[in-house]
Each structure stands twice: as C-alpha cells, then as structure tokens.
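This report refers to the structure that appears directly beneath it.
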Amino acid sequence: MVEKDVILVAPPGAGKSTYLPLKLLQLACFEQQKIIMLQPRQIAVRAIANYLAEQLGEQVGNTVGYRMRGEVQVSANTRLEIVTEGLLTRMLQSDPELQGIGLIIFDEFHERNAHADFSLALCLEAQQALRPDLRLLLMSATLEVEPVNALMSEAEVVQTQGRSYPVSVHYCPVNPKLKLEPQLFSLIKNALIEHTGDILVFLPGAAEIRRLESLCQTLDGAQFDVMPLYGALNKEQQIAAIKPSSAGHRKIVLATNIAETSLTIDGISVVIDSGKEKVASFNWQRKLPQLSTQHISKASATQRAGRAGRQSAGHCYRLWSQEQQQRRSEQHTAEILLLDVTGFYLEAKVWGNELSELALLDKPKSSQIQYAKDTLSWLGALDKDGKLTAKGRALNQFGTHPRLANLLLEAQQMENAITQLGCLVCALIDHKPIKELSHTVWISDHLQFLLSSLHHPIWQQAKRWAKRLGVSLHSADINKALPHLGNILCAAYPDYIGKRRSAEAYSLVNGTGVSFPPQHQPHNSQWLIAPNLSLQHHADARIRLAAPLDEQQLLTDFADHISHQQEVFWSTELQRVIAREYTKLGAITVSEKTLKSPDSAASAVAIMSEITKQGLAWLNWSDSVNQFIYRVRRARELLGQDWPDFTDATLLNQLYKWLFPFLDGVRSAQQLKQLDWLQILKNRLSWQQQQALETLLPARTEVATGHTVALRYLDNGEVELHTKLQQLYGWQSAPTIANGKLVLTLVLLSPAGRPLQKTKDLNSFWQGSYQEVKKEMKGRYPKHFWPDDPATAKATSKTKKRM
C-alpha cells in the first residue's frame, strides 16, 4: 500500500504524463482501484490518453480512457481515466468518498488552474474526513514546492532530473515598436535554414496566430506544413497540429500556451517563443471578464523551451533579452485569484463550507467573494442571510456556470418550445463566437443562422442540454419561441441588462457602460441585455452578443429588484434644497421626478452637507456673530476646557448637534440667512457661561471718560480697543480683561478717527512717542486738548472750548 501522498518535480520530457501512470497501474495497491489523472487542457487529455493506450497496444476506452465535457471514452475495463479538473469536482460532489478510486494525479500542477486548486482542496477534505487511504500525486516540472508542501505537510517530495534532451537557448530581442508577426516570420525563415526538424512557435492568441499563418503561407507549400493550434479550433484541427509531419515535409506549428505543457508534438526540435500570453481575468471595478496580454513567467519560459527537447537535442529562441528574463516573475499568478469565483463559491456552499474555509493554496480576495455572493443572490441561489437555497443546489447540478444553469432551470419551467430555445441559447453563449457572424451582435441573427445550419458544433452541446431537460430540439419550435429570448437571457445575466444612454451606448445594471462595435447597426430598443462583452482600452466595454428587451415586461419581471430612492441635495444654481425620487434597477435610473416638499430632516442634512463642503465662511455671518465666536474661543483658551470648542473644524463636525434642531422648515438660502445665528451659537453655552462671558470677556468696555467702547476680538487671539487718544488721558496703563489674564491692545485714534498708534504699553507711549504725536496733531487739530503730561491729565471727548 502507498502510505504517503507525493509531490513530484521532474523536467519536461521526463515521462511524468506518458510513463509514470502506466507504472502506477502495475502496483498491487491499485489493482482493484481506479486512477484518475487530471489535465488542465482538453487537447492534452486526448493526446495523452491515445499515447498511453498505444503503449498498451489497446484502443482508448479500454484500460486507459478519458472524460471531458461532451466527450467520454471509457468502459467497464477502464482503470486509468484522464479527465479535466471540473469533472473531478462533479465526481466529488456526487460521491465525496470517491469509492473505487485509489489515486488522483494532478498533472502540470504548476499551471495553478483554478479547478485544480479547488478540486485539490475538496480531495484533502475527503481524504481527512472519509478516505484516509486515498492517495494524491501532484506533478510538475516547475512547481513551487514550499507552499504546496505546507498545505500537504505529510506528503513526500520527490525531485528528479528525468530523461530530457539538452536545449540551447538563444535570446533574440524584438523591436517593440515594430509589428511582432513579421519579426517572427523572419526568425522562422532563419531557423528553417539553420536547423532540421519541425518548429513550434508560441504566440499570445488566435489573432496573432492567424496573422503569422498568413505570412507563412508564402513559404513553399511542398516543403512546409503550417498548422495553427489554439483552443477555439475543433478537435480535428487540433489533432492535425500534433500529428507527425507528412513525409518530406517540415511542420511549423503556431500555438498559444495550449502547447506549453504535457503535450508532445512529434518532430519539434526548435521552439520560437514570443514570451507573451493572453490571460483571462475579471475586472472587479467594471464587473466584467477581460482578456489581457502579458509577459510569461520564468516557469512558463522553462516549460516552453522544454518542448524542443522532448525527442532530441533542440533550440529555443526567446524574443527578449537575458536581462529581461532575469526580471520576469518566477511563477504566474494563481488563476483562482484572477477569475470570477461564483461557480466555486456555489460548489463550496453545496460541499458544506465557505470558499475561504477550504484548504486552498491561495484564498480568493474579499472582492471576489462579495461579487460571487451578489451574483448568487441575484440568481436566487442564496437567501437574504447568505444561506444556500434549494434552487442553489439545483443550479449546481448542471455542472456549468450558475448563470447558465439558471437560464436552463428557468427555461425548463416554461413551455416546451421555450425550453428548447433555452438549450440552444445556452450552448450558443458557452461556445466560441460564430466567425461567419462577426458583423452582427444580435443573438436572434445567430440563432437564425444556427436554425439553418443544423450541423454546426453548437448543436452538439444544445442536444446534450436538451437531453438533460427531457426535450427534443425542433427548429420550428425554437423559431416560434424567439420572442421569449430576452426573458430567458435575463434569468442568467440580470446585471447585464442595459438602458440606452445615447444612440450607440447603454448603461448596465451593474454600473458598467457598454457600446456597439464600430460600423454596427444599432437597434432602436431602449433596453437590451448583453451576455457577451469584452473590455477595451476605452471607457465602454464592447457588446459582442445582445438582445433587445421590452421595457414593460422587464419592469414587471424585475419588480422585486426595483428600488425607489430619494436624493435631497443643495442646488448651487437655485440656492435651495432640491428633492428628487429615482426609480432604479441596480445602477440604472428607470425614471425620476422632483418632489415638491422635501422631507425636513433630509433637507437639514443636505444643508449641513453643503456647509461642510463649503466651510463656515459660506454662511456669511455678521460681524457680531464672528465676534461672539472669537470671544468663546478666548474663553476656552483662558478659562478652561469646559467651555465649548468653537474652532471651525469642531463647529463643522458638530453641525448635527448645534444646528440641526434649528433647520426645521429651512429650504432656501434666504431662510438660512434669516436664522438668528447669534442666539443659535449662544445656546451652546450654559447660563453661567453666558454670564461669565459678558463679565470676563465683554463685548464693550468703559474708557477714562466714562463712555463704553466696543472691543474687537481678533482671530489671532488678541483683543483691540479702538478709541480716540484724548479719551485715555489719565490712564497709566492699558486695561485688562479675563481677570487680568488678557491685556487689551490699544488702537489710538486721532480726533478724526484715524489710527495713530497701536500699543499694549500705554505708559511707555506717554513717555515716548506721544511727544511726536502731540507735535503733529497739535498743528493739525489745534482746537483739541494736547497736554504735556497725558498720564495725569483729565480724559475728554470734547474740544478745548467746551471743556
């Protein structure tokens, strides 16, 4: 019996996929148990199954078989099944004990396929709780062992050099300012001259492959076979690309990273690597999937180079510099951190856990979890408390994304023709785009094309769904059901419903803007649903598939999701509070109207919000109000912290406390101006504090003549007494307030009220600069009294004649 799980690290070509599985079948412990081997790519599943079966002298489906979506080659004799990772999750959900299975092999685990991470987590739970004898084998050439070993602490790590051939690596940086494909073509022509054998070229995606393929067609067709290889090709095209080249011909395979691992393409001795790949991810800000081109990691570069050394010594040309190679990341980001995890979240809930509780190498981010919860709530898979519903369990049984599962489930509950339409629509959305219809985004056009092309591959999946739902597909029935197209699409993509905002653009329920491709003929519908979108560099996402919607039917169907929201705000233009009521479906405003009588409390909040935004100066308080504020600030500074804080920051922060009660019925700037602001602010002081303020920090004070004069409190904390110089005769020093804590700043005025001097030291003024002032003023104002000794003279407010 094998007592430990194993983490196996061996280089490309070492036989991990093509040799080891057959040896494991010979172990006695697996004689009565099946071995499951997971592969992340369908093309590799078929190729490896066929190769292993050939080694046994059998047909696929005997000892070695395979399963993938829509394609099964197994029998009662099958002991080794090669499957895609999603199928293992389905097996675990239906039978957590995995009865009859002794070993699960995770091949090419370094790719960190999200399904591989998730199914490994389920296997570890099943192993711990139900099947301690279940063994796990993780294999890769470039795996980061430490984090995996931390997750599987009792697993044995085995590292071997294997049996691969040397590969000479050549760095040939391209000019980034020039187009990639012509530079690749030039390198291909040189490689054909300098080396024998076939060539494998790695490109980012299908568009680049098609452009390079067009250039390669200029080569002598009698000598060279140019074969594209990417996921959107059909099975026959993919098989043709990996078959040995025909006699007397050399093969040039133009591939995406689909050929990066596991797959052995016979005859390849030269690899030309663009160093780029297209990565699917999810844009959490826009709430849409996206496909972006990025540099590959060091691990991927190693895997690609290894393709040239599978069968003989080879060469790898990298279209970047050795210095750039050193700066590349060691591994790419795990897929589970990039994608929409709605399906995995539902799987985890059905399993009995939260997704974040599973033994995942990388935990999805909170934004991913929240999006999954929101989507499943829209679909009815979770209740308001986030608990799994019976519908959620039903959706999970379909083995597809919960959106499409909901489309099928809703269609199944309608009349037979609509159910048939649902099956075809689901297959259409889940399939690669129909290349003949790139000129139109309307799903009805695509369906009409399919109804006249009954042998199109999309029908294969549609028939599988039809069998699942217990119906047969008939073109006439589906054609009659087309008016219900929008309804069934809304079941899957309620957040992709859009309302027109311009001739060619719509706003979606999820808040994203979308628009039609250039030169597309828009529909005049006010509403549409767009289940297939692609993010662009510009603001709006591009619509790839869409269907118009009937507004009345839409609002009826989504009545439970429609909300009524009021917005009360201050209008700068109208200088008053405005209230509007919005009828909304998600982020879309369905309609709006202005309310005549805004709610009083909401109006007060709107006014306070505007005050906070503009600052207290916006209120344009009178001088008496500002003087009161400065007096209270000095009181707090000089007399203690029990006085209220009248700084601007605190007054703004506490608007609700001191201003809100007085805003009842206030709606306009005119009404705001009429408020008794001085009394409102006085209310913040206790009666004792108000009395103390008048006594200790008064608004007015008496001068030597017996007259009372206003004091002027400044923002800097000083207090000024503005008075004519003659009214201070007889005073030896400047007066004080606040129990002597604050000396007044005297602003001495001429008989005409013009400032002469500013001082806090009156005695020094009398003995010093007064004489200069006297000399000047006596000539200018001879009728006024200008004594020689003002400190002992009698104060006056009169001329000499009236004294």
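Chain lettering (A, B, ...) mirrors the order of the structure tokens, residue numbering begins at 1 for each chain separately, and ligand numbering begins at 1 in order of display.
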
Could you make a table, as CSV, of the residues of stretch 144-255 of chain A that have an atom within 7 Å of an atom of stretch 303-319 of chain A, each with its nearest atom pair and distance in Å to one decimal, counting only C-alpha atoms, in chain and number order?
residue,atom,partner,partner_atom,distance
A:Ser164,CA,A:Arg310,CA,6.0
A:Tyr165,CA,A:Gly309,CA,4.7
A:Pro166,CA,A:Ala313,CA,5.0
A:Val167,CA,A:Gly314,CA,4.7
A:Ser168,CA,A:His315,CA,4.7
A:Val169,CA,A:Cys316,CA,4.8
A:His170,CA,A:Tyr317,CA,4.8
A:Tyr171,CA,A:Arg318,CA,4.9
A:Cys172,CA,A:Leu319,CA,4.8
A:Pro173,CA,A:Leu319,CA,4.5
A:Val174,CA,A:Leu319,CA,5.6

Non-local contacts of A:His484 (10 Å; only C-alpha atoms; under 4 positions in same chain excluded) as a list in words: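 My list of contacting residues is Ala411, Ala417, Ile418, Leu421, Gly422, Ile478, Lys480, Ile488, Leu489 and Leu549 of chain A.
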
Where does stretch 294-364 of chain A meet stretch 138-143 of chain A within 9 Å, residue by residue, with the nearest atom pair and distance in Å to one decimal for each, counting only C-alpha atoms, listed by chain and rising number, as a tab-separated table?
residue	atom	partner	partner_atom	distance
A:Ala299	CA	A:Thr142	CA	5.6
A:Ser300	CA	A:Thr142	CA	8.1
A:Thr302	CA	A:Thr142	CA	7.7
A:Gln303	CA	A:Ala141	CA	7.4
A:Gln331	CA	A:Thr142	CA	8.6

Could you pull out the residues in stretch 275-370 of chain A that DSSP calls alpha helix (DSSP H) from the backbone, as a ChimeraX atom specification? /A:298-306,322-327,342-351,366-370

Record the distance separating atom CA of A:Val45 and atom CA of A:Asp430, expressed in Å with one decimal.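 Going from atom CA of A:Val45 over to atom CA of A:Asp430, I get 20.4 Å.
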
Listing only residues of stretch 157-186 of chain A within 12 Å of stretch 194-201 of chain A, what is the closest atom pair and its distance in Å (to one decimal) for each, using only C-alpha atoms, sorted by chain and residue number ascending, as a tab-separated table?
residue	atom	partner	partner_atom	distance
A:Glu181	CA	A:Val201	CA	10.9
A:Leu184	CA	A:Val201	CA	8.5
A:Phe185	CA	A:Val201	CA	9.9

DSSP strand (DSSP E) residues within stretch 733-781 of chain A, listed as a ChimeraX atom specification: /A:736-737,742-743,745-749,755-759

Which residues are close to A:Val666, i.e. within 9 Å by only C-alpha atoms, leaving aside same-chain residues fewer than 5 positions away? Reply as a ChimeraX atom specification. /A:577,600,603-604,607,671-672

Write a file of the just-selected residues containing C-alpha atoms, as a PDB file, in the first residue's frame.
ATOM      1  CA  VAL A 577     -32.786  72.336  -1.339  1.00  0.00           C
ATOM      2  CA  SER A 600     -37.492  68.338   6.676  1.00  0.00           C
ATOM      3  CA  SER A 603     -33.339  68.964   3.875  1.00  0.00           C
ATOM      4  CA  ALA A 604     -31.428  69.732   7.051  1.00  0.00           C
ATOM      5  CA  ILE A 607     -27.895  71.961   4.079  1.00  0.00           C
ATOM      6  CA  GLN A 671     -34.429  81.211   5.001  1.00  0.00           C
ATOM      7  CA  LEU A 672     -30.924  80.252   6.085  1.00  0.00           C
TER       8      LEU A 672
END

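Using only C-alpha atoms, the residues found no farther than 12 Å from A:Thr759, other than those of its own chain fewer than 3 positions away, are Glu718, Val719, Glu720, Leu721, His722, Leu725, Ser733, Ala734, Pro735, Val743, Leu744, Thr745, Leu746, Val747, Leu748, Leu749, Pro755, Leu756, Leu762, Asn763, Ser764, Phe765, Trp766, Gly768, Ser769 and Tyr770 of chain A.
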
Polymer residues at most 12 Å from stretch 178-180 of chain A, only C-alpha atoms, same-chain spacing of 3 or more positions, as a compact mmCIF listing (two decimals) with C-alpha atoms, in the first residue's frame:
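File part.txt, as written:
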# COMPACT_ATOMS: atom_id res chain seq x y z
CA PRO A 173 15.06 40.64 -28.55
CA VAL A 174 12.49 42.05 -30.96
CA ASN A 175 11.87 45.72 -31.64
CA GLN A 183 9.81 39.70 -36.92
CA LEU A 184 8.71 36.18 -36.00
CA PHE A 185 8.42 35.24 -39.64
CA SER A 186 11.99 36.40 -40.28
CA LEU A 187 13.20 34.26 -37.37
CA PHE A 202 4.39 30.33 -29.20
CA LEU A 203 2.16 33.37 -29.71
CA PRO A 204 -0.22 35.22 -27.36
CA ALA A 207 -5.40 36.73 -33.79
CA GLU A 208 -1.59 36.75 -33.78
CA ILE A 209 -1.55 33.14 -35.00
CA ARG A 211 -1.62 36.94 -38.96
CA LEU A 212 1.58 34.89 -38.77
CA LEU A 215 2.79 35.31 -43.69
CA ASP A 273 8.87 31.90 -28.06
CA SER A 274 7.23 35.33 -28.28
CA GLY A 275 7.31 35.42 -24.47
CA LYS A 276 3.69 36.55 -24.23
CA LEU A 319 12.23 37.13 -28.31
CA TRP A 320 13.50 39.03 -25.28

For A:Val253, find every residue with an atom within 12 Å (counting only C-alpha atoms), except residues of its own chain fewer than 5 positions away, and show them as an mmCIF file with C-alpha atoms, in the first residue's frame.
data_model
loop_
_atom_site.group_PDB
_atom_site.id
_atom_site.type_symbol
_atom_site.label_atom_id
_atom_site.label_comp_id
_atom_site.auth_asym_id
_atom_site.auth_seq_id
_atom_site.Cartn_x
_atom_site.Cartn_y
_atom_site.Cartn_z
ATOM 1 C CA ILE A 188 11.235 31.244 -38.648
ATOM 2 C CA GLY A 197 13.225 19.223 -37.639
ATOM 3 C CA ASP A 198 9.893 20.928 -37.056
ATOM 4 C CA ILE A 199 9.280 24.303 -35.421
ATOM 5 C CA LEU A 200 6.870 25.257 -32.628
ATOM 6 C CA VAL A 201 6.088 28.968 -32.339
ATOM 7 C CA PHE A 202 4.395 30.331 -29.196
ATOM 8 C CA LEU A 203 2.160 33.370 -29.712
ATOM 9 C CA ILE A 209 -1.552 33.142 -34.999
ATOM 10 C CA ARG A 210 -3.808 33.981 -37.958
ATOM 11 C CA LEU A 212 1.584 34.889 -38.768
ATOM 12 C CA GLU A 213 -0.087 31.986 -40.567
ATOM 13 C CA CYS A 216 3.911 31.678 -43.513
ATOM 14 C CA PHE A 224 6.308 23.105 -45.202
ATOM 15 C CA ASP A 225 3.007 22.462 -43.409
ATOM 16 C CA VAL A 226 1.801 25.454 -41.374
ATOM 17 C CA MET A 227 -0.525 24.291 -38.578
ATOM 18 C CA PRO A 228 -2.347 26.576 -36.111
ATOM 19 C CA LEU A 229 -3.064 25.244 -32.628
ATOM 20 C CA TYR A 230 -5.339 27.024 -30.158
ATOM 21 C CA GLN A 237 -7.786 20.691 -36.420
ATOM 22 C CA GLN A 238 -6.092 20.258 -33.051
ATOM 23 C CA ILE A 239 -5.266 16.609 -33.703
ATOM 24 C CA ALA A 240 -3.815 17.508 -37.122
ATOM 25 C CA ALA A 241 -1.460 20.002 -35.485
ATOM 26 C CA ILE A 242 0.077 17.471 -33.114
ATOM 27 C CA LYS A 243 0.400 14.616 -35.571
ATOM 28 C CA PRO A 244 3.825 13.934 -37.149
ATOM 29 C CA SER A 245 4.506 15.923 -40.303
ATOM 30 C CA ILE A 258 -2.112 25.357 -25.074
ATOM 31 C CA ALA A 259 1.093 23.590 -26.216
ATOM 32 C CA ILE A 265 4.232 17.359 -30.653
ATOM 33 C CA ASP A 266 6.251 14.855 -32.629
ATOM 34 C CA GLY A 267 9.249 16.159 -34.530
ATOM 35 C CA ILE A 268 9.660 19.510 -32.762
ATOM 36 C CA SER A 269 13.302 20.438 -32.317
ATOM 37 C CA VAL A 270 13.040 24.244 -32.464
ATOM 38 C CA VAL A 271 10.891 26.482 -30.279
ATOM 39 C CA ILE A 272 10.411 30.169 -31.061
ATOM 40 C CA ASP A 273 8.866 31.903 -28.060
ATOM 41 C CA ARG A 307 9.121 21.379 -25.884
#

Work out how far apart atom CA of A:Asn113 and atom CA of A:Leu20 are and give it in Å to one decimal.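 Taking atom CA of A:Asn113 and atom CA of A:Leu20, their separation equals 21.7 Å.
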
For A:Glu702, work out the shell of residues within 12 Å, counting only C-alpha atoms and skipping chain neighbours fewer than 3 positions away, then give it as a list in words.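 Surrounding residues, per the criterion: Pro698, Ala699, Thr705, Gly706, His707, Thr708, Val709, Ala710, Leu711, Leu721, His722, Thr723, Gln727, Leu728, Pro735, Thr736 and Ile737 of chain A.
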
Residues of stretch 668-712 of chain A that approach stretch 633-636 of chain A to 12 Å or less, counting only C-alpha atoms: could you list each one with the shortest pair of atoms and its distance in Å to one decimal, rows by chain and increasing residue number, as CSV?
residue,atom,partner,partner_atom,distance
A:Leu685,CA,A:Ala635,CA,11.2
A:Gln689,CA,A:Ala635,CA,9.3
A:Gln690,CA,A:Ala635,CA,10.6
A:Ala692,CA,A:Ala635,CA,9.1
A:Leu693,CA,A:Ala635,CA,7.3
A:Glu694,CA,A:Ala635,CA,10.7
A:Thr695,CA,A:Ala635,CA,11.2
A:Leu696,CA,A:Ala635,CA,8.4
A:Leu697,CA,A:Ala635,CA,7.3
A:Pro698,CA,A:Ala635,CA,10.7
